[in-house]
file entry.csv (CSV, C-alpha atoms)
chain,number,residue,atom,x,y,z
A,1,MET,CA,59.9,-15.9,-73.3
A,2,ASP,CA,56.9,-17.4,-71.4
A,3,ARG,CA,59.0,-17.4,-68.2
A,4,LYS,CA,59.9,-13.7,-68.7
A,5,ARG,CA,56.2,-12.9,-69.2
A,6,ASP,CA,55.4,-14.9,-66.0
A,7,ARG,CA,58.1,-12.9,-64.1
A,8,ARG,CA,56.7,-9.6,-65.4
A,9,LYS,CA,53.2,-10.7,-64.3
A,10,GLU,CA,54.5,-11.6,-60.9
A,11,HIS,CA,56.3,-8.3,-60.5
A,12,LYS,CA,53.2,-6.5,-61.7
A,13,THR,CA,51.1,-8.4,-59.3
A,14,GLU,CA,53.5,-7.6,-56.4
A,15,GLY,CA,53.4,-3.9,-57.4
A,16,VAL,CA,49.6,-3.8,-57.4
A,17,GLY,CA,49.6,-5.6,-54.1
A,18,GLN,CA,51.9,-3.1,-52.6
A,19,ILE,CA,49.8,-0.2,-53.8
A,20,SER,CA,46.6,-1.8,-52.6
A,21,GLY,CA,48.2,-2.4,-49.2
A,22,PHE,CA,49.3,1.2,-49.0
A,23,ARG,CA,45.8,2.4,-49.8
A,24,ILE,CA,44.4,0.1,-47.1
A,25,VAL,CA,46.9,1.6,-44.6
A,26,VAL,CA,45.9,5.1,-45.6
A,27,ILE,CA,42.2,4.4,-45.4
A,28,LEU,CA,42.7,2.8,-42.0
A,29,LEU,CA,44.6,5.8,-40.7
A,30,CYS,CA,42.0,8.2,-42.0
A,31,ALA,CA,39.3,6.1,-40.4
A,32,CYS,CA,41.2,6.1,-37.1
A,33,MET,CA,41.6,9.9,-37.3
A,34,ALA,CA,38.0,10.3,-38.0
A,35,MET,CA,37.0,8.1,-35.1
A,36,ALA,CA,39.4,10.0,-32.8
A,37,VAL,CA,37.8,13.3,-33.8
A,38,ALA,CA,34.3,11.8,-33.4
A,39,ILE,CA,35.2,10.5,-29.9
A,40,SER,CA,36.7,13.9,-28.9
A,41,LEU,CA,33.6,15.7,-30.0
A,42,LEU,CA,31.4,13.2,-28.2
A,43,TYR,CA,33.4,13.5,-25.1
A,44,PHE,CA,33.3,17.3,-25.3
A,45,ARG,CA,29.5,17.1,-25.7
A,46,LEU,CA,29.3,15.0,-22.6
A,47,GLN,CA,31.4,17.6,-20.8
A,48,ILE,CA,29.0,20.3,-22.0
A,49,ARG,CA,26.1,18.3,-20.7
A,50,GLU,CA,28.0,17.9,-17.4
A,51,SER,CA,28.4,21.7,-17.5
A,52,THR,CA,24.7,22.2,-18.1
A,53,LYS,CA,24.1,20.3,-14.9
A,54,LEU,CA,26.0,23.0,-13.2
A,55,LEU,CA,23.5,25.4,-14.6
A,56,ALA,CA,21.2,24.2,-12.0
A,57,GLY,CA,23.4,23.9,-8.9
A,58,ASP,CA,22.7,22.6,-5.5
A,59,ASP,CA,21.0,25.9,-4.6
A,60,GLY,CA,18.5,25.3,-7.3
A,61,ARG,CA,19.7,28.2,-9.4
A,62,GLU,CA,19.3,27.9,-13.1
A,63,TYR,CA,21.5,29.9,-15.5
A,64,GLY,CA,20.0,31.6,-18.5
A,65,ALA,CA,22.9,31.0,-21.0
A,66,TYR,CA,26.2,29.3,-21.5
A,67,TYR,CA,29.2,31.2,-22.9
A,68,VAL,CA,32.7,29.9,-23.6
A,69,LEU,CA,36.1,31.7,-23.8
A,70,ILE,CA,38.5,30.3,-26.5
A,71,THR,CA,42.1,31.3,-26.5
A,72,ASP,CA,45.4,30.0,-27.8
A,73,ASP,CA,46.6,29.5,-24.2
A,74,ARG,CA,49.6,31.8,-24.7
A,75,ASP,CA,50.1,34.7,-22.2
A,76,THR,CA,48.3,32.6,-19.6
A,77,GLY,CA,48.3,35.3,-16.9
A,78,PHE,CA,46.7,37.7,-19.3
A,79,TRP,CA,43.9,35.4,-20.2
A,80,GLN,CA,43.3,34.4,-16.6
A,81,GLY,CA,42.7,38.1,-15.9
A,82,VAL,CA,40.2,38.3,-18.8
A,83,LEU,CA,38.5,35.1,-17.7
A,84,LYS,CA,38.1,36.4,-14.1
A,85,GLY,CA,36.4,39.6,-15.4
A,86,ALA,CA,34.2,37.7,-17.8
A,87,ARG,CA,33.1,35.3,-15.1
A,88,GLU,CA,32.2,38.0,-12.7
A,89,GLU,CA,30.1,39.8,-15.3
A,90,ALA,CA,28.5,36.6,-16.4
A,91,GLU,CA,27.7,35.6,-12.8
A,92,ALA,CA,26.0,39.0,-12.3
A,93,SER,CA,24.0,38.5,-15.5
A,94,ASN,CA,22.9,34.9,-14.6
A,95,ILE,CA,25.2,33.3,-17.2
A,96,TYR,CA,27.5,30.3,-16.9
A,97,LEU,CA,30.9,30.9,-18.5
A,98,GLU,CA,34.0,28.7,-18.7
A,99,GLN,CA,37.3,28.6,-20.7
A,100,ILE,CA,36.7,25.9,-23.2
A,101,GLY,CA,38.8,22.8,-22.7
A,102,GLU,CA,39.9,23.6,-19.2
A,103,ARG,CA,38.4,20.4,-17.9
A,104,ILE,CA,39.8,18.3,-20.8
A,105,ASP,CA,43.3,16.8,-20.6
A,106,THR,CA,44.0,16.9,-24.3
A,107,ASP,CA,45.5,20.1,-25.6
A,108,TYR,CA,43.4,21.4,-28.6
A,109,ASP,CA,44.2,24.4,-30.8
A,110,ARG,CA,41.7,27.2,-31.3
A,111,VAL,CA,40.3,25.7,-34.5
A,112,LYS,CA,39.4,22.4,-32.8
A,113,LYS,CA,38.0,24.4,-29.8
A,114,MET,CA,35.8,26.4,-32.1
A,115,GLU,CA,34.5,23.2,-33.8
A,116,MET,CA,33.7,21.8,-30.4
A,117,ALA,CA,31.9,24.9,-29.3
A,118,ILE,CA,29.8,25.0,-32.5
A,119,TYR,CA,29.0,21.3,-32.1
A,120,ALA,CA,28.0,21.8,-28.5
A,121,ASP,CA,25.6,24.6,-29.6
A,122,VAL,CA,26.7,27.0,-26.9
A,123,ASP,CA,24.9,30.4,-26.5
A,124,GLY,CA,27.9,32.6,-27.1
A,125,ILE,CA,31.6,32.5,-27.9
A,126,ILE,CA,34.4,34.9,-26.8
A,127,LEU,CA,37.3,34.2,-29.1
A,128,ASP,CA,41.0,35.2,-29.3
A,129,ALA,CA,40.8,35.1,-33.1
A,130,ALA,CA,43.2,35.2,-36.0
A,131,ASP,CA,43.0,37.0,-39.3
A,132,ASN,CA,42.9,34.0,-41.6
A,133,GLN,CA,40.3,32.3,-43.8
A,134,VAL,CA,40.0,29.2,-41.6
A,135,MET,CA,39.1,31.3,-38.5
A,136,ASN,CA,36.8,33.5,-40.6
A,137,ASP,CA,34.9,30.5,-41.9
A,138,LEU,CA,34.5,29.0,-38.4
A,139,ILE,CA,33.1,32.3,-37.1
A,140,ASP,CA,30.7,32.4,-40.1
A,141,LYS,CA,29.7,28.8,-39.3
A,142,ALA,CA,29.0,29.7,-35.7
A,143,THR,CA,26.9,32.7,-36.8
A,144,ALA,CA,24.9,30.6,-39.2
A,145,ALA,CA,24.2,28.2,-36.3
A,146,GLY,CA,22.8,31.1,-34.3
A,147,ILE,CA,25.9,31.5,-32.0
A,148,PRO,CA,27.2,35.1,-31.8
A,149,VAL,CA,31.0,35.5,-31.6
A,150,VAL,CA,32.8,38.4,-29.9
A,151,THR,CA,36.5,38.6,-30.8
A,152,VAL,CA,39.0,39.8,-28.1
A,153,ARG,CA,42.6,40.9,-28.3
A,154,ASN,CA,43.0,39.6,-31.9
A,155,ASP,CA,40.3,40.2,-34.5
A,156,SER,CA,38.9,38.5,-37.6
A,157,GLN,CA,37.8,41.6,-39.5
A,158,ARG,CA,36.4,39.8,-42.6
A,159,SER,CA,34.2,37.5,-40.6
A,160,SER,CA,30.6,37.9,-39.2
A,161,ARG,CA,31.8,38.4,-35.6
A,162,VAL,CA,29.4,40.8,-33.8
A,163,SER,CA,32.0,42.9,-31.9
A,164,PHE,CA,35.7,43.3,-31.1
A,165,VAL,CA,37.1,44.0,-27.7
A,166,ASN,CA,40.6,45.3,-27.4
A,167,ILE,CA,42.9,48.0,-26.2
A,168,SER,CA,43.0,51.2,-28.3
A,169,TYR,CA,45.8,50.8,-30.9
A,170,ALA,CA,46.1,54.6,-31.1
A,171,ASN,CA,46.6,54.9,-27.3
A,172,LEU,CA,49.1,52.0,-27.3
A,173,SER,CA,51.1,53.6,-30.2
A,174,ARG,CA,51.1,57.0,-28.4
A,175,GLU,CA,52.4,55.5,-25.2
A,176,TYR,CA,55.1,53.4,-26.7
A,177,ALA,CA,56.3,56.3,-28.8
A,178,LYS,CA,56.4,58.5,-25.6
A,179,GLN,CA,58.5,55.9,-23.8
A,180,ILE,CA,60.9,55.6,-26.8
A,181,ARG,CA,61.3,59.4,-26.9
A,182,ARG,CA,62.2,59.3,-23.2
A,183,LEU,CA,64.7,56.6,-23.6
A,184,VAL,CA,66.3,58.2,-26.6
A,185,LYS,CA,66.8,61.5,-24.6
A,186,ASP,CA,68.3,59.5,-21.7
A,187,ARG,CA,70.9,58.0,-24.1
A,188,GLN,CA,71.6,61.5,-25.6
A,189,LYS,CA,72.2,62.9,-22.1
A,190,LYS,CA,74.8,60.2,-21.5
A,191,GLY,CA,76.6,61.4,-24.5
A,192,GLU,CA,75.7,58.6,-26.9
A,193,THR,CA,75.7,59.5,-30.5
A,194,GLY,CA,74.3,57.9,-33.6
A,195,LYS,CA,70.9,56.4,-34.3
A,196,VAL,CA,69.2,54.5,-31.5
A,197,LYS,CA,68.1,51.1,-32.7
A,198,VAL,CA,64.6,50.0,-31.8
A,199,CYS,CA,63.7,46.3,-32.3
A,200,VAL,CA,60.0,45.6,-32.3
A,201,LEU,CA,59.0,41.9,-31.6
A,202,LEU,CA,55.9,41.0,-33.6
A,203,ASP,CA,53.8,37.9,-33.2
A,204,ALA,CA,54.4,35.7,-36.3
A,205,VAL,CA,50.7,34.7,-36.4
A,206,ASN,CA,48.6,37.7,-35.4
A,207,THR,CA,50.4,40.6,-37.1
A,208,SER,CA,47.5,42.8,-38.3
A,209,GLY,CA,46.8,44.7,-35.1
A,210,GLN,CA,50.5,44.8,-34.2
A,211,ASN,CA,51.3,46.3,-37.6
A,212,ILE,CA,48.8,49.1,-36.9
A,213,VAL,CA,50.6,49.8,-33.6
A,214,LEU,CA,54.0,49.8,-35.3
A,215,THR,CA,52.7,52.3,-38.0
A,216,GLY,CA,51.3,54.5,-35.2
A,217,ILE,CA,54.6,54.5,-33.4
A,218,GLN,CA,56.5,55.5,-36.5
A,219,ASP,CA,54.0,58.3,-37.2
A,220,GLN,CA,54.3,59.6,-33.6
A,221,LEU,CA,58.1,59.6,-33.8
A,222,ALA,CA,58.1,61.4,-37.2
A,223,ALA,CA,55.7,64.0,-35.8
A,224,ALA,CA,58.3,64.6,-32.9
A,225,ASP,CA,61.1,65.0,-35.5
A,226,LEU,CA,62.9,61.9,-34.2
A,227,ALA,CA,62.6,59.7,-37.2
A,228,ASP,CA,66.1,60.5,-38.4
A,229,GLN,CA,67.5,59.7,-34.9
A,230,ILE,CA,65.9,56.3,-34.6
A,231,GLU,CA,66.2,53.1,-36.7
A,232,ILE,CA,63.3,50.7,-36.3
A,233,THR,CA,63.5,47.1,-37.2
A,234,THR,CA,61.1,44.2,-36.6
A,235,SER,CA,61.5,40.5,-35.8
A,236,GLN,CA,58.6,38.0,-36.0
A,237,ILE,CA,58.5,35.6,-33.1
A,238,ARG,CA,56.5,32.3,-33.2
A,239,ASN,CA,54.7,32.1,-29.9
A,240,SER,CA,53.2,28.6,-30.2
A,241,SER,CA,54.7,28.0,-26.8
A,242,VAL,CA,56.8,29.8,-24.2
A,243,PHE,CA,59.7,27.5,-25.2
A,244,SER,CA,59.6,28.3,-28.9
A,245,ALA,CA,59.4,32.0,-28.1
A,246,GLU,CA,62.3,31.7,-25.7
A,247,GLU,CA,64.4,29.8,-28.3
A,248,GLU,CA,63.8,32.3,-31.1
A,249,ILE,CA,64.5,35.3,-28.8
A,250,ARG,CA,67.8,33.8,-27.6
A,251,ASP,CA,68.8,33.2,-31.2
A,252,LEU,CA,67.9,36.8,-32.0
A,253,PHE,CA,70.4,37.9,-29.4
A,254,LEU,CA,73.0,35.3,-30.2
A,255,TYR,CA,73.3,36.1,-33.8
A,256,ALA,CA,72.9,39.9,-33.5
A,257,GLU,CA,76.0,42.2,-33.7
A,258,ASP,CA,77.5,42.3,-30.2
A,259,GLN,CA,74.5,40.2,-29.1
A,260,ILE,CA,72.3,43.3,-29.1
A,261,PRO,CA,69.4,43.2,-31.6
A,262,GLY,CA,68.4,46.7,-30.5
A,263,ASP,CA,69.3,49.4,-28.0
A,264,ILE,CA,65.6,49.4,-27.2
A,265,ILE,CA,63.5,46.2,-27.5
A,266,LEU,CA,59.8,46.6,-27.7
A,267,CYS,CA,57.6,43.6,-26.8
A,268,LEU,CA,53.9,43.5,-27.7
A,269,ASN,CA,52.8,40.5,-25.6
A,270,THR,CA,53.6,39.1,-22.2
A,271,THR,CA,55.5,36.0,-23.3
A,272,ASN,CA,58.0,38.0,-25.3
A,273,THR,CA,58.4,40.5,-22.5
A,274,ALA,CA,59.3,37.8,-20.0
A,275,CYS,CA,61.6,36.0,-22.5
A,276,VAL,CA,63.5,39.1,-23.4
A,277,TYR,CA,63.9,40.0,-19.7
A,278,GLN,CA,65.4,36.6,-18.9
A,279,THR,CA,67.7,36.7,-21.9
A,280,VAL,CA,69.0,40.1,-21.1
A,281,LEU,CA,69.8,38.8,-17.6
A,282,ASP,CA,71.4,35.6,-18.9
A,283,TYR,CA,73.6,37.5,-21.3
A,284,ASN,CA,74.6,40.2,-18.8
A,285,LEU,CA,73.1,43.0,-20.9
A,286,ALA,CA,71.2,44.8,-18.2
A,287,GLY,CA,71.9,48.5,-18.6
A,288,GLN,CA,72.9,48.1,-22.3
A,289,VAL,CA,69.4,47.1,-23.6
A,290,ASP,CA,66.3,49.0,-22.6
A,291,ILE,CA,63.1,46.9,-22.6
A,292,LEU,CA,59.6,48.1,-23.2
A,293,GLY,CA,57.0,45.4,-22.3
A,294,PHE,CA,53.4,44.5,-22.3
A,295,TYR,CA,51.1,43.6,-19.4
A,296,GLU,CA,52.4,42.7,-16.0
A,297,ASN,CA,53.0,39.7,-13.7
A,298,ASP,CA,55.3,39.1,-10.8
A,299,ALA,CA,58.4,38.6,-13.0
A,300,ILE,CA,57.7,41.8,-15.0
A,301,ARG,CA,57.0,43.8,-11.8
A,302,ASN,CA,60.3,42.5,-10.3
A,303,ALA,CA,62.2,43.5,-13.5
A,304,ILE,CA,60.7,47.0,-13.4
A,305,ALA,CA,61.6,47.3,-9.7
A,306,ASN,CA,65.2,46.4,-10.6
A,307,ASP,CA,65.3,48.8,-13.6
A,308,VAL,CA,65.8,46.0,-16.2
A,309,ILE,CA,62.4,46.6,-17.8
A,310,GLN,CA,62.0,50.4,-18.2
A,311,ALA,CA,58.2,50.4,-18.7
A,312,THR,CA,55.3,48.1,-19.5
A,313,ILE,CA,51.8,48.9,-20.8
A,314,THR,CA,49.2,47.3,-18.5
A,315,VAL,CA,45.7,46.4,-19.5
A,316,ASP,CA,42.5,46.3,-17.5
A,317,THR,CA,41.8,42.6,-18.1
A,318,ASP,CA,38.8,42.7,-15.8
A,319,GLN,CA,37.2,45.3,-17.9
A,320,MET,CA,38.1,43.4,-21.1
A,321,GLY,CA,36.4,40.3,-19.9
A,322,LYS,CA,33.4,42.3,-18.7
A,323,TYR,CA,33.0,44.0,-22.1
A,324,CYS,CA,33.1,40.7,-23.9
A,325,VAL,CA,30.1,39.3,-21.8
A,326,GLU,CA,28.3,42.6,-22.1
A,327,ALA,CA,28.7,42.6,-25.9
A,328,LEU,CA,27.4,39.0,-26.3
A,329,THR,CA,24.4,39.6,-24.0
A,330,GLU,CA,23.4,42.9,-25.6
A,331,TYR,CA,23.5,41.3,-29.1
A,332,ARG,CA,21.5,38.3,-27.9
A,333,GLN,CA,18.9,40.5,-26.4
A,334,SER,CA,18.6,43.2,-29.0
A,335,GLY,CA,20.3,42.0,-32.2
A,336,TYR,CA,22.5,45.0,-32.1
A,337,VAL,CA,25.8,45.8,-30.4
A,338,SER,CA,28.7,48.3,-30.8
A,339,ASP,CA,31.3,47.1,-33.3
A,340,TYR,CA,34.2,47.9,-31.0
A,341,TYR,CA,34.9,48.2,-27.3
A,342,ALA,CA,38.1,50.0,-26.2
A,343,VAL,CA,39.7,48.8,-23.0
A,344,ASP,CA,41.6,51.1,-20.6
A,345,THR,CA,45.4,50.9,-20.4
A,346,SER,CA,48.0,52.4,-18.0
A,347,VAL,CA,51.8,52.5,-17.7
A,348,LEU,CA,54.0,51.0,-15.1
A,349,GLU,CA,57.4,52.6,-15.1
A,350,SER,CA,60.8,51.9,-13.5
A,351,LYS,CA,62.2,54.4,-11.1
A,352,ARG,CA,64.4,55.8,-13.9
A,353,GLY,CA,61.3,56.3,-16.0
A,354,GLU,CA,59.5,58.1,-13.2
A,355,ALA,CA,62.5,60.3,-12.6
A,356,GLY,CA,62.7,61.2,-16.3
A,357,ASN,CA,59.0,62.3,-16.2
A,358,GLU,CA,59.6,64.7,-13.3
call {"tool": "encode", "arguments": {"input": "entry.csv", "output": "structure tokens"}}
result
Amino acid sequence: MDRKRDRRKEHKTEGVGQISGFRIVVILLCACMAMAVAISLLYFRLQIRESTKLLAGDDGREYGAYYVLITDDRDTGFWQGVLKGAREEAEASNIYLEQIGERIDTDYDRVKKMEMAIYADVDGIILDAADNQVMNDLIDKATAAGIPVVTVRNDSQRSSRVSFVNISYANLSREYAKQIRRLVKDRQKKGETGKVKVCVLLDAVNTSGQNIVLTGIQDQLAAADLADQIEITTSQIRNSSVFSAEEEIRDLFLYAEDQIPGDIILCLNTTNTACVYQTVLDYNLAGQVDILGFYENDAIRNAIANDVIQATITVDTDQMGKYCVEALTEYRQSGYVSDYYAVDTSVLESKRGEAGNE
């Protein structure tokens, strides 16, 4: 009996030792993570200090403020256009502006970039936001620290951001509905019967604004007595990277009936537009699937010239960046600013689209 008790004690001691060892490992991992975060923040602060040296350049010029642009790094061409417009306006207003993290090798998400900007005590933040509690809390934290935040492209409505800069959802809905009507009439002229299937690709993360656009499109089509001729479906695409978006879009085609998820595919961002275009080419579906895209770059312009993309909504990104800086500066100077800035859009159509409008 004594031996059995001794064995139980030994097993119990081993179990306690294993648990204690596990706790130590967990504590060490947490300590390492905390240290890594601290080092990252310290490094970023040093980068900010280096940036402030730029505020007094070789010509002796001193800048009056320091703004940062924070994005999720998707749709790179789009954001480079916004950054260009913002920098030009900032330069004219004696403000130094940079895209946060562009001089740091590590790839941080928007949450970490916001934490860095708040820690660095910048003078203003331009943020491609998200409608979730984490982002709302970070914006509120920046506001409490005296840092005004202007959201751009994607909003955080329930936060304390001072202004929102974006394209007009009403104009976007109206233009997309117009293009859908045109494409439906083209198909009817060719003798096609039955409902035209329209597949709208939504961002799986930032859906609030896109849902407004979708509702607007549906209302416009209903007002034109086309609701019974069109079947609208949606598919959410995770755009954490170009590769993930491309994979999901290829799967969408691969598992759809006849590899066609819709007669018309409507894309609400640049990444999805480019991925759908490439997939249509790879699957030899050009001429069977009509693409309505968003924004423009060399690939999209080439696709329009070859009549693979029928139309795309272009955005004045220079104006978007300019408005962001204007909003921040006006708020810092007066304490007041317009709640919303609407950016101009235009339409780039293929030759077939131009001919259909004549």
call {"tool": "residues_around", "arguments": {"input": "entry.csv", "residues": "A:Ser338", "least_positions_apart": "6", "cutoff": "9 Å", "atoms": "all atoms listed in the file", "output": "number ranges by chain"}}
result
A: 162-164, 327, 331
call {"tool": "residues_around", "arguments": {"input": "entry.csv", "residues": "A:Arg250", "least_positions_apart": "6", "cutoff": "12 Å", "atoms": "only C-alpha atoms", "output": "PyMOL selection string"}}
result
chain A and resi 237+243-244+256+259-261+272+275-283
call {"tool": "closest_residue", "arguments": {"input": "entry.csv", "among": "A:Tyr295, A:Tyr66, A:Tyr119, A:Tyr96", "to": "A:Asp316", "atoms": "all atoms listed in the file"}}
result
A:Tyr295
call {"tool": "closest_residue", "arguments": {"input": "entry.csv", "among": "A:Gln310, A:Ser346, A:Thr317, A:Asn269", "to": "A:Ala286", "atoms": "all atoms listed in the file"}}
result
A:Gln310
call {"tool": "residues_around", "arguments": {"input": "entry.csv", "residues": "A:Gly262", "least_positions_apart": "2", "cutoff": "6 Å", "atoms": "all atoms listed in the file", "output": "PyMOL selection string"}}
result
chain A and resi 197-199+260+264-265
